[in-house]
Every structure is written in C-alpha cells, then in structure tokens.
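Trainee: One structure, as structure tokens, below. Some questions next.
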Amino acid sequence: MPPYHLIEPARLLVELSYTLIVVFLCFRIFYKTKEIYDLTKYEGVKYFRITFLFFGLAFLFRFLSVFVMLVGMTFDLDISMYLFRIFPLVFNGYFSTMAILSLTYSMIWKEHQVKNILIVSNAIAIIISGIAFFSRSYILIIGAQAVLLIFTITIAVYIYSISKRISQTFILYVLFILFWIVNLFTLGPQRFVPFVIQTIFQIISIAVIGIIYLKVSKWTK
Amino acid sequence: MDKIKRKRDRLEMIFDILNIIRNNQNSIKPTPLLRQSNLSSQSFTEYLNELLEKDLIKEITDENERKFLTLTDKGFKYLDKYKLILGFIEEFEL
C-alpha cells in the first residue's frame, strides 16, 4: 500500500485549492464577459476574454505538472516522460504565452493594430512551447515569458506616459503576469521558491485575480 | 487618444441608431433613419450593414414591398446594457 502520508498533503492541498480557485475565477471571467462581446464584437473585449480562458487552461496544466512531480517524488515512480511530464509542459507553455500576449494586445490594440494578431500570437506561443518540448525544461518558458512581461511593461509604460497616468488595472495585470511567472519557478528542478514564500505569492495572486473578477462582476450583471 | 475616442464613438453611434429606431416605435424606413442619424450616406451604409450583420436590427418588408428596420431582441439588449458595456470597457481600458 503506498505511503499516502508522504505525499506532502499540505503542499498538495495548497496547490489543489489554489488551482481550483484561480481556474474557477478565470473561467467565470471568460463566461461573464460573453454577453458584452456578443453584443458589441469589440476587439478589446475579445482579447480580454481570451486572456482569462488561456490562463485558466495554463493553470490546469500547471497543476497537472505539480501533481505528477509530487507523485513521482513520493512513490519514486518513473512517470512516463511524455504523457505526464512533457505534454503538460508544452500545453502550459502554449496557453500561458497566448494569455500574456492576449493581455498585452488588449491594452495596446487601440494604438497599434497588428494584422493577423492571432496567427502571430499562436506562432510565438508554438515556438516557445516547442522550445520547452525539446529542452524538457520550464526554465526557457520562464525566460521567454519574463521577456514578454518586460516587453508588456515597456509598451504599457510608453503608452501611459502619453496619458500621464498609470492605471490600477495596468498594475493588476502586471502583478498577475508576475505571479504567474513566479508560479512557474515551483516547477523548475531546483525549486527556487520555498513552499512558504510560494504560498504567500499564491494568496496574493488569488487576491489580484479576485479584484479583477469583482471589477468584471460590477459591469456584467 | 483619437483612436480611443473613435472606437468608443462607434459603440456610441450604434447606440444612437438603435435608439432612434426604438423611439420610432421600433419601425423606421432607412431614409428617415439616415436623416435622423446625421451620418453621411457612406457611413450610414457601413453602420447599417454592421448592425444587420451583428443581428442587432432586421429588415422587414410590408405588403406594399416597403422596407422597414426594426430592433431584434439583441438590439434591445444592447440598448439596455449600453451603460454597463461602456463602464466595462472604460474600467479595463480596452
């Protein structure tokens, strides 16, 4: 009988709770904004919705990676490399990159329209997840998305410098992306972030997405 | 900033056109609608096509083959939810 008490129940419970809450909020945001998009077909709303759909999916695959990692460590099992380790990595990389790119574009599309943006975003996301597939590592995904985050901040600061204000919403977006990247560190082989620190980050990121959800709810009765 | 204003104006124009139709007992011919909307003929045609495509309005023909424009359920919903829509777009700076 497997020694279940060795599965680090605290860690598994925290990860499961965190994932359930965040995925629920992401999908709820996607669902709640459906009517506004159906009525207006407004581009900004479209990319806003896509962002949270993709983040929800990314968090799901992130949890799958964490779960497989914990089970493999606890039972000293040689978990099938491809099915349970590589594919969550690839899908995680794809969905999270699409989410970050969609969020960035939702902020800048009014000023800078990119032709065939979905094709461009998909191409970038596929390249990054392809690199993840061949490298078998989250480190490159972390690096690529950190670059995207810096790019997002740079573009947004430039645009907001023209309007002479940094909005609360922009700050929320940056925090959300930042905490997502921090979450990826827990999947790296060296586990840079101690469990307690990671839990604190997760609580704060739940608060961030909770605030976004409340703001969405205010306008989507 | 002009582009932001232009995108928001588009939603506002759609609201204005739908409101005109509603205020005319939900039935108006295209020509009076054009006049009341204060749009150029080309712009009006663009908006009209957009509204028909988005199923916010529909065309009906009476027994004398005269065409009228009316709101769909979706069009009524757009009018009801307009302030919330604008509020959402402004809140998230979309």
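Labels for the structure tokens follow display order: chains A, B, ..., residues from 1 in each chain, ligands from 1.
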Show me which bits of chain A are within 7 Å of chain B, counting only C-alpha atoms, as a PyMOL selection string.
Mentor: chain A and resi 36+39+44-45+106-107+110-111+169+219-220
Trainee: Neighbouring residues of range 36-39 of chain B were defined as those with any atom within 8 Å, considering only C-alpha atoms; residues of the same chain fewer than 6 positions away were excluded. Please report them as JSON, numbers by chain.
Mentor: {"B": [16, 17, 20]}
Trainee: Please dump the current selection as a short mmCIF file (atom, residue, chain, number, x, y, z; two decimals), in the first residue's frame; keep N, CA and C atoms.
Mentor:
data_model
loop_
_atom_site.label_atom_id
_atom_site.label_comp_id
_atom_site.auth_asym_id
_atom_site.auth_seq_id
_atom_site.Cartn_x
_atom_site.Cartn_y
_atom_site.Cartn_z
N ASP B 16 -26.90 55.21 -30.69
CA ASP B 16 -27.76 56.29 -31.20
C ASP B 16 -28.70 55.79 -32.28
N ILE B 17 -28.18 54.99 -33.20
CA ILE B 17 -29.01 54.48 -34.30
C ILE B 17 -30.11 53.56 -33.74
N ILE B 20 -32.77 55.57 -32.03
CA ILE B 20 -33.67 56.23 -32.99
C ILE B 20 -34.76 55.26 -33.43
#
Trainee: According to DSSP computed on the backbone, where in chain B is there helix (DSSP H, G or I)? Give the residues as a ChimeraX atom specification.
Mentor: /B:2-23,30-37,41-53,73-91
Trainee: Would you please extract all strand (DSSP E or B) residues from chain B, as assigned by DSSP on the backbone, and give them as JSON, numbers by chain?
Mentor: {"B": [28, 57, 58, 59, 60, 61, 67, 68, 69, 70, 71]}
Trainee: Keeping only all heavy atoms, take the residues you just selected and write them out as a compact mmCIF listing (two decimals), in the first residue's frame.
Mentor:
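This is the output file part_14.txt:
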# COMPACT_ATOMS: atom_id res chain seq x y z
N ILE B 28 -38.82 51.87 -38.66
CA ILE B 28 -38.48 53.09 -39.39
C ILE B 28 -37.89 52.71 -40.73
O ILE B 28 -37.22 51.69 -40.88
CB ILE B 28 -37.47 53.94 -38.57
CG1 ILE B 28 -37.25 55.30 -39.21
CG2 ILE B 28 -36.14 53.20 -38.41
CD1 ILE B 28 -36.46 56.27 -38.31
N ILE B 57 -30.34 44.58 -35.64
CA ILE B 57 -31.56 45.02 -36.31
C ILE B 57 -31.92 44.04 -37.41
O ILE B 57 -31.08 43.19 -37.77
CB ILE B 57 -31.43 46.44 -36.93
CG1 ILE B 57 -30.35 46.43 -38.02
CG2 ILE B 57 -31.15 47.48 -35.87
CD1 ILE B 57 -30.29 47.74 -38.81
N LYS B 58 -33.15 44.14 -37.87
CA LYS B 58 -33.53 43.32 -39.03
C LYS B 58 -34.41 44.14 -39.96
O LYS B 58 -35.02 45.15 -39.56
CB LYS B 58 -34.25 42.04 -38.58
CG LYS B 58 -35.52 42.28 -37.82
CD LYS B 58 -36.10 40.97 -37.32
CE LYS B 58 -37.35 41.28 -36.49
NZ LYS B 58 -37.84 40.15 -35.73
N GLU B 59 -34.43 43.68 -41.19
CA GLU B 59 -35.25 44.35 -42.20
C GLU B 59 -36.54 43.59 -42.38
O GLU B 59 -36.51 42.36 -42.48
CB GLU B 59 -34.49 44.30 -43.55
CG GLU B 59 -33.90 45.61 -43.97
CD GLU B 59 -33.17 45.50 -45.31
OE1 GLU B 59 -33.27 44.47 -45.99
OE2 GLU B 59 -32.51 46.48 -45.66
N ILE B 60 -37.62 44.31 -42.39
CA ILE B 60 -38.91 43.65 -42.69
C ILE B 60 -39.55 44.38 -43.86
O ILE B 60 -39.34 45.58 -44.05
CB ILE B 60 -39.85 43.60 -41.47
CG1 ILE B 60 -40.05 44.99 -40.87
CG2 ILE B 60 -39.32 42.64 -40.42
CD1 ILE B 60 -41.06 45.02 -39.76
N THR B 61 -40.31 43.64 -44.61
CA THR B 61 -40.98 44.20 -45.79
C THR B 61 -42.49 44.05 -45.58
O THR B 61 -42.96 42.95 -45.24
CB THR B 61 -40.56 43.45 -47.06
OG1 THR B 61 -39.14 43.39 -47.09
CG2 THR B 61 -41.04 44.17 -48.31
N LYS B 67 -39.66 48.66 -47.20
CA LYS B 67 -38.72 48.08 -46.22
C LYS B 67 -38.70 48.94 -44.96
O LYS B 67 -38.65 50.17 -45.02
CB LYS B 67 -37.31 48.05 -46.81
CG LYS B 67 -37.10 46.90 -47.77
CD LYS B 67 -35.66 46.73 -48.14
CE LYS B 67 -35.55 45.60 -49.15
NZ LYS B 67 -34.31 45.58 -49.85
N PHE B 68 -38.71 48.24 -43.83
CA PHE B 68 -38.59 48.90 -42.53
C PHE B 68 -37.47 48.23 -41.74
O PHE B 68 -37.16 47.05 -41.94
CB PHE B 68 -39.89 48.76 -41.72
CG PHE B 68 -41.03 49.55 -42.28
CD1 PHE B 68 -41.83 49.01 -43.27
CD2 PHE B 68 -41.29 50.83 -41.83
CE1 PHE B 68 -42.90 49.73 -43.81
CE2 PHE B 68 -42.35 51.56 -42.35
CZ PHE B 68 -43.16 51.02 -43.34
N LEU B 69 -36.91 49.02 -40.86
CA LEU B 69 -35.89 48.48 -39.97
C LEU B 69 -36.44 48.40 -38.55
O LEU B 69 -37.08 49.34 -38.08
CB LEU B 69 -34.64 49.37 -39.98
CG LEU B 69 -33.95 49.51 -41.33
CD1 LEU B 69 -32.95 50.64 -41.33
CD2 LEU B 69 -33.26 48.20 -41.71
N THR B 70 -36.18 47.26 -37.90
CA THR B 70 -36.65 47.11 -36.51
C THR B 70 -35.52 46.51 -35.67
O THR B 70 -34.59 45.91 -36.21
CB THR B 70 -37.86 46.16 -36.41
OG1 THR B 70 -37.44 44.85 -36.75
CG2 THR B 70 -38.99 46.57 -37.32
N LEU B 71 -35.67 46.67 -34.38
CA LEU B 71 -34.68 46.09 -33.47
C LEU B 71 -34.97 44.61 -33.25
O LEU B 71 -36.12 44.20 -33.18
CB LEU B 71 -34.73 46.79 -32.10
CG LEU B 71 -34.41 48.28 -32.04
CD1 LEU B 71 -34.52 48.78 -30.61
CD2 LEU B 71 -33.02 48.54 -32.56
Trainee: Could you name the residues that touch Leu64 in chain A at 10 Å or less, counting only C-alpha atoms, but leaving out those on the same chain fewer than 2 positions away, as a ChimeraX atom specification?
Mentor: /A:16,19,58-62,66-70,84-85,87-89,92
Trainee: Using only C-alpha atoms, determine which residues lie at most 10 Å from Arg136 in chain A, disregarding the query and same-chain residues fewer than 2 positions distant; provide the list as a list in words.
Mentor: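 Near neighbours after the sequence-gap exclusion: Met81, Tyr82, Arg85, Ile86, Phe87, Leu89, Val90, Ser129, Gly130, Ile131, Ala132, Phe133, Phe134, Tyr138, Ile139 and Leu140 of chain A.
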Trainee: Write the residues you've just listed into a file as an mmCIF file, in the first residue's frame, and include N, CA, C and O atoms for each of them.
Mentor:
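The resulting out.cif:
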data_model
loop_
_atom_site.group_PDB
_atom_site.id
_atom_site.type_symbol
_atom_site.label_atom_id
_atom_site.label_comp_id
_atom_site.auth_asym_id
_atom_site.auth_seq_id
_atom_site.Cartn_x
_atom_site.Cartn_y
_atom_site.Cartn_z
ATOM 1 N N MET A 81 7.593 9.803 -19.272
ATOM 2 C CA MET A 81 8.142 11.117 -19.615
ATOM 3 C C MET A 81 7.200 11.943 -20.470
ATOM 4 O O MET A 81 6.941 13.098 -20.220
ATOM 5 N N TYR A 82 6.700 11.322 -21.506
ATOM 6 C CA TYR A 82 5.976 12.115 -22.489
ATOM 7 C C TYR A 82 4.572 12.462 -22.042
ATOM 8 O O TYR A 82 4.177 13.602 -22.050
ATOM 9 N N ARG A 85 4.656 14.258 -18.233
ATOM 10 C CA ARG A 85 5.591 15.322 -17.892
ATOM 11 C C ARG A 85 5.778 16.306 -19.036
ATOM 12 O O ARG A 85 5.756 17.507 -18.838
ATOM 13 N N ILE A 86 5.961 15.819 -20.215
ATOM 14 C CA ILE A 86 6.274 16.714 -21.324
ATOM 15 C C ILE A 86 5.032 17.441 -21.826
ATOM 16 O O ILE A 86 5.071 18.646 -22.074
ATOM 17 N N PHE A 87 3.911 16.710 -21.967
ATOM 18 C CA PHE A 87 2.736 17.360 -22.535
ATOM 19 C C PHE A 87 2.156 18.464 -21.651
ATOM 20 O O PHE A 87 1.780 19.518 -22.167
ATOM 21 N N LEU A 89 3.884 20.346 -19.812
ATOM 22 C CA LEU A 89 4.874 21.410 -20.007
ATOM 23 C C LEU A 89 4.584 22.172 -21.304
ATOM 24 O O LEU A 89 4.559 23.405 -21.332
ATOM 25 N N VAL A 90 4.362 21.422 -22.370
ATOM 26 C CA VAL A 90 4.122 22.034 -23.679
ATOM 27 C C VAL A 90 2.818 22.842 -23.679
ATOM 28 O O VAL A 90 2.794 23.996 -24.109
ATOM 29 N N SER A 129 6.552 26.926 -26.811
ATOM 30 C CA SER A 129 6.225 25.591 -26.280
ATOM 31 C C SER A 129 7.041 24.514 -27.001
ATOM 32 O O SER A 129 7.373 23.488 -26.407
ATOM 33 N N GLY A 130 7.411 24.785 -28.244
ATOM 34 C CA GLY A 130 8.293 23.862 -28.964
ATOM 35 C C GLY A 130 9.674 23.809 -28.329
ATOM 36 O O GLY A 130 10.263 22.734 -28.156
ATOM 37 N N ILE A 131 10.154 24.989 -27.949
ATOM 38 C CA ILE A 131 11.448 25.038 -27.252
ATOM 39 C C ILE A 131 11.349 24.279 -25.935
ATOM 40 O O ILE A 131 12.264 23.536 -25.550
ATOM 41 N N ALA A 132 10.220 24.443 -25.243
ATOM 42 C CA ALA A 132 10.009 23.726 -23.979
ATOM 43 C C ALA A 132 10.013 22.223 -24.209
ATOM 44 O O ALA A 132 10.576 21.456 -23.426
ATOM 45 N N PHE A 133 9.387 21.798 -25.305
ATOM 46 C CA PHE A 133 9.326 20.364 -25.623
ATOM 47 C C PHE A 133 10.720 19.789 -25.814
ATOM 48 O O PHE A 133 11.060 18.738 -25.275
ATOM 49 N N PHE A 134 11.534 20.470 -26.585
ATOM 50 C CA PHE A 134 12.863 19.934 -26.882
ATOM 51 C C PHE A 134 13.828 20.093 -25.715
ATOM 52 O O PHE A 134 14.726 19.279 -25.540
ATOM 53 N N TYR A 138 11.281 23.933 -17.746
ATOM 54 C CA TYR A 138 10.461 25.135 -17.568
ATOM 55 C C TYR A 138 11.311 26.402 -17.595
ATOM 56 O O TYR A 138 10.784 27.499 -17.704
ATOM 57 N N ILE A 139 12.611 26.246 -17.485
ATOM 58 C CA ILE A 139 13.484 27.425 -17.381
ATOM 59 C C ILE A 139 13.350 28.321 -18.618
ATOM 60 O O ILE A 139 13.250 29.552 -18.509
ATOM 61 N N LEU A 140 13.285 27.700 -19.793
ATOM 62 C CA LEU A 140 13.174 28.507 -21.015
ATOM 63 C C LEU A 140 11.816 29.192 -21.118
ATOM 64 O O LEU A 140 11.711 30.312 -21.615
#
Trainee: Hey, which of A:Val147, A:Leu20, A:Ile153, A:Ala99 ends up closest to Ile171 in chain A? Count only C-alpha atoms.
Mentor: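 Residue with the minimum atom-to-atom distance to Ile171 in chain A: A:Ile153.
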Trainee: Which residues, written as an MDAnalysis selection string, have at least one atom at most 12 Å from Leu175 in chain A, with only C-alpha atoms counted and residues fewer than 2 positions away on the same chain left out?
Mentor: chainID A and resid 100 149 152:153 168:173 177:182 201:202 204:209 211:212
Trainee: What is the CA of Phe48 in chain A to CA of Ser102 in chain A distance in Å?
Mentor: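 About the pair CA of Phe48 in chain A and CA of Ser102 in chain A: they are 6.9 Å apart.
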Trainee: One decimal, in Å: what's the spacing between CA of Tyr105 in chain A and CA of Phe151 in chain A?
Mentor: 11.3 Å
